[in-house]
$ cat coords_11.txt   # compact mmCIF, N, CA and C atoms and all ligand atoms
# COMPACT_ATOMS: atom_id res chain seq x y z
N MET A 1 111.48 64.64 151.09
CA MET A 1 110.25 64.80 150.31
C MET A 1 109.73 66.21 150.45
N SER A 2 108.94 66.64 149.51
CA SER A 2 108.40 68.00 149.51
C SER A 2 106.88 67.95 149.64
N VAL A 3 106.33 69.04 150.09
CA VAL A 3 104.88 69.10 150.25
C VAL A 3 104.41 70.52 149.97
N ASN A 4 103.22 70.63 149.41
CA ASN A 4 102.66 71.94 149.13
C ASN A 4 102.02 72.51 150.39
N CYS A 5 102.25 73.78 150.64
CA CYS A 5 101.52 74.44 151.71
C CYS A 5 100.04 74.46 151.32
N PRO A 6 99.15 73.92 152.19
CA PRO A 6 97.73 73.86 151.83
C PRO A 6 97.10 75.25 151.77
N THR A 7 97.77 76.24 152.32
CA THR A 7 97.20 77.59 152.34
C THR A 7 97.72 78.45 151.20
N CYS A 8 99.03 78.51 151.01
CA CYS A 8 99.53 79.36 149.92
C CYS A 8 100.03 78.56 148.71
N GLY A 9 100.00 77.22 148.79
CA GLY A 9 100.25 76.43 147.60
C GLY A 9 101.71 76.29 147.18
N LYS A 10 102.63 76.91 147.93
CA LYS A 10 104.04 76.81 147.57
C LYS A 10 104.60 75.47 148.02
N LEU A 11 105.64 75.01 147.28
CA LEU A 11 106.25 73.73 147.58
C LEU A 11 107.40 73.91 148.57
N TYR A 12 107.40 73.10 149.62
CA TYR A 12 108.46 73.18 150.62
C TYR A 12 109.03 71.81 150.89
N LYS A 13 110.32 71.75 151.20
CA LYS A 13 110.92 70.54 151.75
C LYS A 13 110.32 70.35 153.14
N SER A 14 110.20 69.07 153.53
CA SER A 14 109.44 68.78 154.75
C SER A 14 109.86 69.60 155.96
N LYS A 15 111.19 69.78 156.15
CA LYS A 15 111.66 70.52 157.32
C LYS A 15 111.22 71.99 157.22
N HIS A 16 111.38 72.56 156.05
CA HIS A 16 110.98 73.94 155.86
C HIS A 16 109.47 74.11 155.92
N PHE A 17 108.77 73.06 155.51
CA PHE A 17 107.31 73.10 155.56
C PHE A 17 106.85 73.26 157.00
N VAL A 18 107.46 72.49 157.91
CA VAL A 18 107.07 72.58 159.33
C VAL A 18 107.27 74.01 159.83
N ASN A 19 108.45 74.58 159.53
CA ASN A 19 108.72 75.94 159.99
C ASN A 19 107.77 76.95 159.34
N HIS A 20 107.52 76.76 158.05
CA HIS A 20 106.63 77.67 157.34
C HIS A 20 105.24 77.66 157.97
N MET A 21 104.70 76.45 158.22
CA MET A 21 103.36 76.36 158.76
C MET A 21 103.29 76.93 160.17
N LYS A 22 104.38 76.76 160.93
CA LYS A 22 104.42 77.30 162.29
C LYS A 22 104.46 78.83 162.24
N ASP A 23 105.39 79.36 161.44
CA ASP A 23 105.62 80.80 161.43
C ASP A 23 104.51 81.56 160.72
N LYS A 24 104.08 81.03 159.56
CA LYS A 24 103.15 81.80 158.73
C LYS A 24 101.69 81.50 159.04
N HIS A 25 101.40 80.29 159.46
CA HIS A 25 100.00 79.91 159.57
C HIS A 25 99.61 79.46 160.98
N GLY A 26 100.54 79.53 161.91
CA GLY A 26 100.20 79.26 163.30
C GLY A 26 99.91 77.80 163.62
N TRP A 27 100.33 76.88 162.74
CA TRP A 27 100.15 75.47 163.06
C TRP A 27 101.15 75.06 164.13
N THR A 28 100.84 73.99 164.85
CA THR A 28 101.83 73.42 165.74
C THR A 28 102.75 72.52 164.92
N ARG A 29 103.94 72.22 165.48
CA ARG A 29 104.87 71.32 164.80
C ARG A 29 104.20 69.97 164.50
N ALA A 30 103.44 69.46 165.50
CA ALA A 30 102.80 68.15 165.34
C ALA A 30 101.81 68.17 164.18
N GLU A 31 101.03 69.23 164.05
CA GLU A 31 100.06 69.30 162.97
C GLU A 31 100.75 69.32 161.62
N ALA A 32 101.84 70.11 161.53
CA ALA A 32 102.56 70.17 160.26
C ALA A 32 103.21 68.83 159.94
N GLU A 33 103.70 68.15 160.97
CA GLU A 33 104.37 66.87 160.73
C GLU A 33 103.39 65.80 160.27
N ILE A 34 102.23 65.70 160.91
CA ILE A 34 101.29 64.67 160.46
C ILE A 34 100.73 65.01 159.10
N TYR A 35 100.77 66.29 158.74
CA TYR A 35 100.25 66.66 157.41
C TYR A 35 101.14 66.09 156.31
N TYR A 36 102.46 66.15 156.47
CA TYR A 36 103.30 65.69 155.37
C TYR A 36 103.75 64.25 155.50
N VAL A 37 103.63 63.67 156.72
CA VAL A 37 104.02 62.27 156.86
C VAL A 37 102.87 61.37 156.45
N ALA A 38 102.75 61.14 155.15
CA ALA A 38 101.73 60.25 154.63
C ALA A 38 102.42 59.03 154.04
N PRO A 39 102.03 57.84 154.46
CA PRO A 39 102.69 56.64 153.94
C PRO A 39 102.47 56.48 152.44
N LEU A 40 103.49 56.04 151.75
CA LEU A 40 103.37 55.76 150.33
C LEU A 40 102.89 54.32 150.16
N PRO A 41 102.25 54.03 149.04
CA PRO A 41 101.67 52.69 148.85
C PRO A 41 102.66 51.56 149.12
N GLU A 42 103.92 51.72 148.68
CA GLU A 42 104.88 50.63 148.84
C GLU A 42 105.34 50.45 150.28
N ASN A 43 105.03 51.42 151.14
CA ASN A 43 105.44 51.31 152.54
C ASN A 43 104.36 50.70 153.43
N ILE A 44 103.25 50.42 152.84
CA ILE A 44 102.14 49.92 153.64
C ILE A 44 102.35 48.46 153.99
N PRO A 45 102.30 48.12 155.27
CA PRO A 45 102.47 46.72 155.66
C PRO A 45 101.32 45.87 155.15
N ASP A 46 101.62 44.61 154.91
CA ASP A 46 100.63 43.71 154.34
C ASP A 46 99.69 43.21 155.41
N VAL A 47 98.95 44.10 155.99
CA VAL A 47 97.98 43.71 157.00
C VAL A 47 96.62 44.28 156.61
N GLU A 48 95.59 43.72 157.22
CA GLU A 48 94.26 44.20 156.92
C GLU A 48 94.06 45.57 157.57
N MET A 49 93.53 46.49 156.81
CA MET A 49 93.30 47.80 157.39
C MET A 49 92.02 48.41 156.85
N ASP A 50 91.56 49.39 157.59
CA ASP A 50 90.35 50.08 157.16
C ASP A 50 90.65 50.90 155.92
N LEU A 51 89.87 50.68 154.90
CA LEU A 51 90.04 51.47 153.68
C LEU A 51 88.87 52.43 153.53
N MET A 52 89.16 53.53 152.89
CA MET A 52 88.08 54.44 152.53
C MET A 52 88.34 54.96 151.14
N GLN A 53 87.31 55.50 150.54
CA GLN A 53 87.47 56.05 149.20
C GLN A 53 87.77 57.54 149.32
N CYS A 54 88.82 57.96 148.61
CA CYS A 54 89.12 59.39 148.59
C CYS A 54 87.93 60.14 148.01
N PRO A 55 87.42 61.15 148.76
CA PRO A 55 86.26 61.89 148.26
C PRO A 55 86.59 62.76 147.04
N PHE A 56 87.89 62.90 146.74
CA PHE A 56 88.29 63.79 145.64
C PHE A 56 88.58 63.04 144.35
N CYS A 57 89.26 61.86 144.46
CA CYS A 57 89.63 61.17 143.22
C CYS A 57 89.10 59.74 143.20
N GLY A 58 88.53 59.25 144.32
CA GLY A 58 87.91 57.94 144.31
C GLY A 58 88.85 56.76 144.52
N VAL A 59 90.15 57.05 144.72
CA VAL A 59 91.12 55.98 144.96
C VAL A 59 90.91 55.42 146.37
N GLU A 60 91.09 54.11 146.55
CA GLU A 60 90.95 53.52 147.87
C GLU A 60 92.23 53.74 148.67
N ILE A 61 92.09 54.33 149.85
CA ILE A 61 93.24 54.65 150.69
C ILE A 61 92.93 54.23 152.12
N PRO A 62 93.97 53.97 152.93
CA PRO A 62 93.73 53.65 154.34
C PRO A 62 93.03 54.81 155.02
N SER A 63 92.11 54.51 155.94
CA SER A 63 91.29 55.56 156.52
C SER A 63 92.08 56.47 157.45
N ASN A 64 93.31 56.04 157.83
CA ASN A 64 94.10 56.92 158.70
C ASN A 64 95.07 57.79 157.91
N LEU A 65 94.96 57.77 156.60
CA LEU A 65 95.86 58.57 155.77
C LEU A 65 95.50 60.05 155.89
N ILE A 66 96.53 60.90 155.88
CA ILE A 66 96.29 62.35 155.99
C ILE A 66 96.13 62.96 154.60
N VAL A 67 97.03 62.54 153.69
CA VAL A 67 97.01 63.10 152.34
C VAL A 67 96.84 61.96 151.34
N CYS A 68 95.84 62.05 150.50
CA CYS A 68 95.58 61.01 149.49
C CYS A 68 96.77 60.89 148.56
N TRP A 69 97.24 59.64 148.33
CA TRP A 69 98.38 59.47 147.44
C TRP A 69 97.93 59.44 145.98
N GLY A 70 96.65 59.43 145.76
CA GLY A 70 96.16 59.46 144.39
C GLY A 70 96.16 60.87 143.82
N CYS A 71 95.65 61.81 144.60
CA CYS A 71 95.48 63.16 144.06
C CYS A 71 96.20 64.21 144.91
N GLY A 72 96.72 63.82 146.08
CA GLY A 72 97.46 64.78 146.90
C GLY A 72 96.57 65.68 147.74
N GLU A 73 95.26 65.46 147.69
CA GLU A 73 94.37 66.26 148.53
C GLU A 73 94.46 65.80 149.98
N CYS A 74 94.29 66.72 150.89
CA CYS A 74 94.26 66.39 152.31
C CYS A 74 92.90 65.79 152.64
N VAL A 75 92.90 64.55 153.15
CA VAL A 75 91.64 63.88 153.44
C VAL A 75 91.37 63.81 154.94
N ASP A 76 92.21 64.47 155.76
CA ASP A 76 91.99 64.51 157.19
C ASP A 76 91.11 65.71 157.50
N SER A 77 89.93 65.46 158.06
CA SER A 77 88.96 66.54 158.22
C SER A 77 89.46 67.63 159.15
N HIS A 78 90.19 67.23 160.20
CA HIS A 78 90.69 68.24 161.15
C HIS A 78 91.68 69.17 160.47
N ILE A 79 92.62 68.57 159.71
CA ILE A 79 93.62 69.39 159.02
C ILE A 79 92.94 70.26 157.96
N ARG A 80 91.96 69.70 157.27
CA ARG A 80 91.25 70.49 156.25
C ARG A 80 90.58 71.69 156.88
N GLU A 81 89.93 71.47 158.02
CA GLU A 81 89.27 72.58 158.70
C GLU A 81 90.28 73.66 159.06
N LEU A 82 91.43 73.23 159.59
CA LEU A 82 92.49 74.18 159.92
C LEU A 82 92.90 74.98 158.71
N ALA A 83 93.16 74.26 157.62
CA ALA A 83 93.63 74.92 156.41
C ALA A 83 92.59 75.91 155.89
N GLU A 84 91.33 75.51 155.93
CA GLU A 84 90.30 76.42 155.44
C GLU A 84 90.12 77.61 156.35
N MET A 85 90.30 77.38 157.66
CA MET A 85 90.22 78.47 158.63
C MET A 85 91.26 79.53 158.30
N TYR A 86 92.50 79.06 158.03
CA TYR A 86 93.58 80.01 157.76
C TYR A 86 93.39 80.65 156.39
N ARG A 87 92.81 79.91 155.47
CA ARG A 87 92.59 80.47 154.15
C ARG A 87 91.62 81.63 154.24
N ARG A 88 90.59 81.47 155.09
CA ARG A 88 89.63 82.55 155.26
C ARG A 88 90.22 83.73 156.02
N GLY A 89 91.26 83.45 156.80
CA GLY A 89 91.92 84.53 157.52
C GLY A 89 91.43 84.68 158.94
ZN ZN A 101 101.82 78.87 153.43
ZN ZN A 102 92.48 61.40 146.10
$ encode --input "coords_11.txt" --output "structure tokens"
Amino acid sequence: MSVNCPTCGKLYKSKHFVNHMKDKHGWTRAEAEIYYVAPLPENIPDVEMDLMQCPFCGVEIPSNLIVCWGCGECVDSHIRELAEMYRRG
């Protein structure tokens, strides 16, 4: 699977994304990995879970999701802060 770099917007394959975020933006491997490992709707187990509304597109998503599957925005506040920090430089 591919993912957009939240800072420069380029599309990377997941493995290259991890290296890119480490080398270019100073993320740790773990941060880059949790950023792109977002469960797809069909992979969600049929159990009760906390849902929240995506603040960007309004789709209901599990509250532990990192990236909204409706609009692709990052909904993890920690990762967002990181991304905005690097965007500012
Ligand atoms: Zn980048
Ligand atoms: Zn969304």
$ closest_residue --input "coords_11.txt" --among "A:Met1, A:Met21, A:Cys57, A:Met85" --to "A:Glu73" --atoms "only N, CA and C atoms"
A:Cys57
$ residues_near_ligand --input "coords_11.txt" --ligand "ligand ZN 101 (chain A)" --cutoff "8 Å" --atoms "only N, CA and C atoms and all ligand atoms" --output "ChimeraX atom specification"
/A:4-10,20-21,24-25
$ atom_distance --input "coords_11.txt" --atom1 "atom CA of A:His78" --atom2 "atom CA of A:Leu51"
18.4 Å
$ residues_near_ligand --input "coords_11.txt" --ligand "ligand ZN 102 (chain A)" --cutoff "6.5 Å" --atoms "only N, CA and C atoms and all ligand atoms" --output "VMD selection string"
chain A and resid 54 to 59 68 to 73
$ write_last_selection --input "coords_11.txt" --atoms "N, CA and C atoms" --output "short mmCIF file (atom, residue, chain, number, x, y, z; two decimals), keeping the file's coordinate frame"
data_model
loop_
_atom_site.label_atom_id
_atom_site.label_comp_id
_atom_site.auth_asym_id
_atom_site.auth_seq_id
_atom_site.Cartn_x
_atom_site.Cartn_y
_atom_site.Cartn_z
N CYS A 54 88.82 57.96 148.61
CA CYS A 54 89.12 59.39 148.59
C CYS A 54 87.93 60.14 148.01
N PRO A 55 87.42 61.15 148.76
CA PRO A 55 86.26 61.89 148.26
C PRO A 55 86.59 62.76 147.04
N PHE A 56 87.89 62.90 146.74
CA PHE A 56 88.29 63.79 145.64
C PHE A 56 88.58 63.04 144.35
N CYS A 57 89.26 61.86 144.46
CA CYS A 57 89.63 61.17 143.22
C CYS A 57 89.10 59.74 143.20
N GLY A 58 88.53 59.25 144.32
CA GLY A 58 87.91 57.94 144.31
C GLY A 58 88.85 56.76 144.52
N VAL A 59 90.15 57.05 144.72
CA VAL A 59 91.12 55.98 144.96
C VAL A 59 90.91 55.42 146.37
N CYS A 68 95.84 62.05 150.50
CA CYS A 68 95.58 61.01 149.49
C CYS A 68 96.77 60.89 148.56
N TRP A 69 97.24 59.64 148.33
CA TRP A 69 98.38 59.47 147.44
C TRP A 69 97.93 59.44 145.98
N GLY A 70 96.65 59.43 145.76
CA GLY A 70 96.16 59.46 144.39
C GLY A 70 96.16 60.87 143.82
N CYS A 71 95.65 61.81 144.60
CA CYS A 71 95.48 63.16 144.06
C CYS A 71 96.20 64.21 144.91
N GLY A 72 96.72 63.82 146.08
CA GLY A 72 97.46 64.78 146.90
C GLY A 72 96.57 65.68 147.74
N GLU A 73 95.26 65.46 147.69
CA GLU A 73 94.37 66.26 148.53
C GLU A 73 94.46 65.80 149.98
#
$ residues_around --input "coords_11.txt" --residues "A:Ser14" --least-positions-apart "5" --cutoff "9 Å" --atoms "only C-alpha atoms" --output "list in words"
Met1, Ser2, Val3, Asn19, Ala32, Glu33, Tyr36 and Val37 of chain A
$ select_by_dssp --input "coords_11.txt" --residues "chain A" --states "strand (DSSP E)" --output "list in words"
Ser2, Val3, Asn4, Leu11, Tyr12, Lys13, Leu51, Met52, Gln53, Glu60, Ile61 and Pro62 of chain A
$ select_by_dssp --input "coords_11.txt" --residues "chain A" --states "alpha helix (DSSP H)" --output "NGL selection string"
:A and (14-25 or 29-36 or 77-88)
$ atom_distance --input "coords_11.txt" --atom1 "atom CA of A:Glu84" --atom2 "atom CA of A:Met52"
22.3 Å
$ atom_distance --input "coords_11.txt" --atom1 "atom N of A:Glu31" --atom2 "atom CA of A:Ser77"
13.7 Å
$ closest_residue --input "coords_11.txt" --among "A:Arg29, A:Arg88, A:Ser63, A:Tyr12" --to "A:Asp76" --atoms "only C-alpha atoms"
A:Ser63
$ closest_residue --input "coords_11.txt" --among "A:Lys22, A:Pro62, A:Lys15, A:Trp27" --to "A:Asp50" --atoms "all atoms listed in the file"
A:Pro62
$ residues_around --input "coords_11.txt" --residues "A:Val75" --least-positions-apart "4" --cutoff "7 Å" --atoms "only N, CA and C atoms" --output "PyMOL selection string"
chain A and resi 55+65-68+79-80
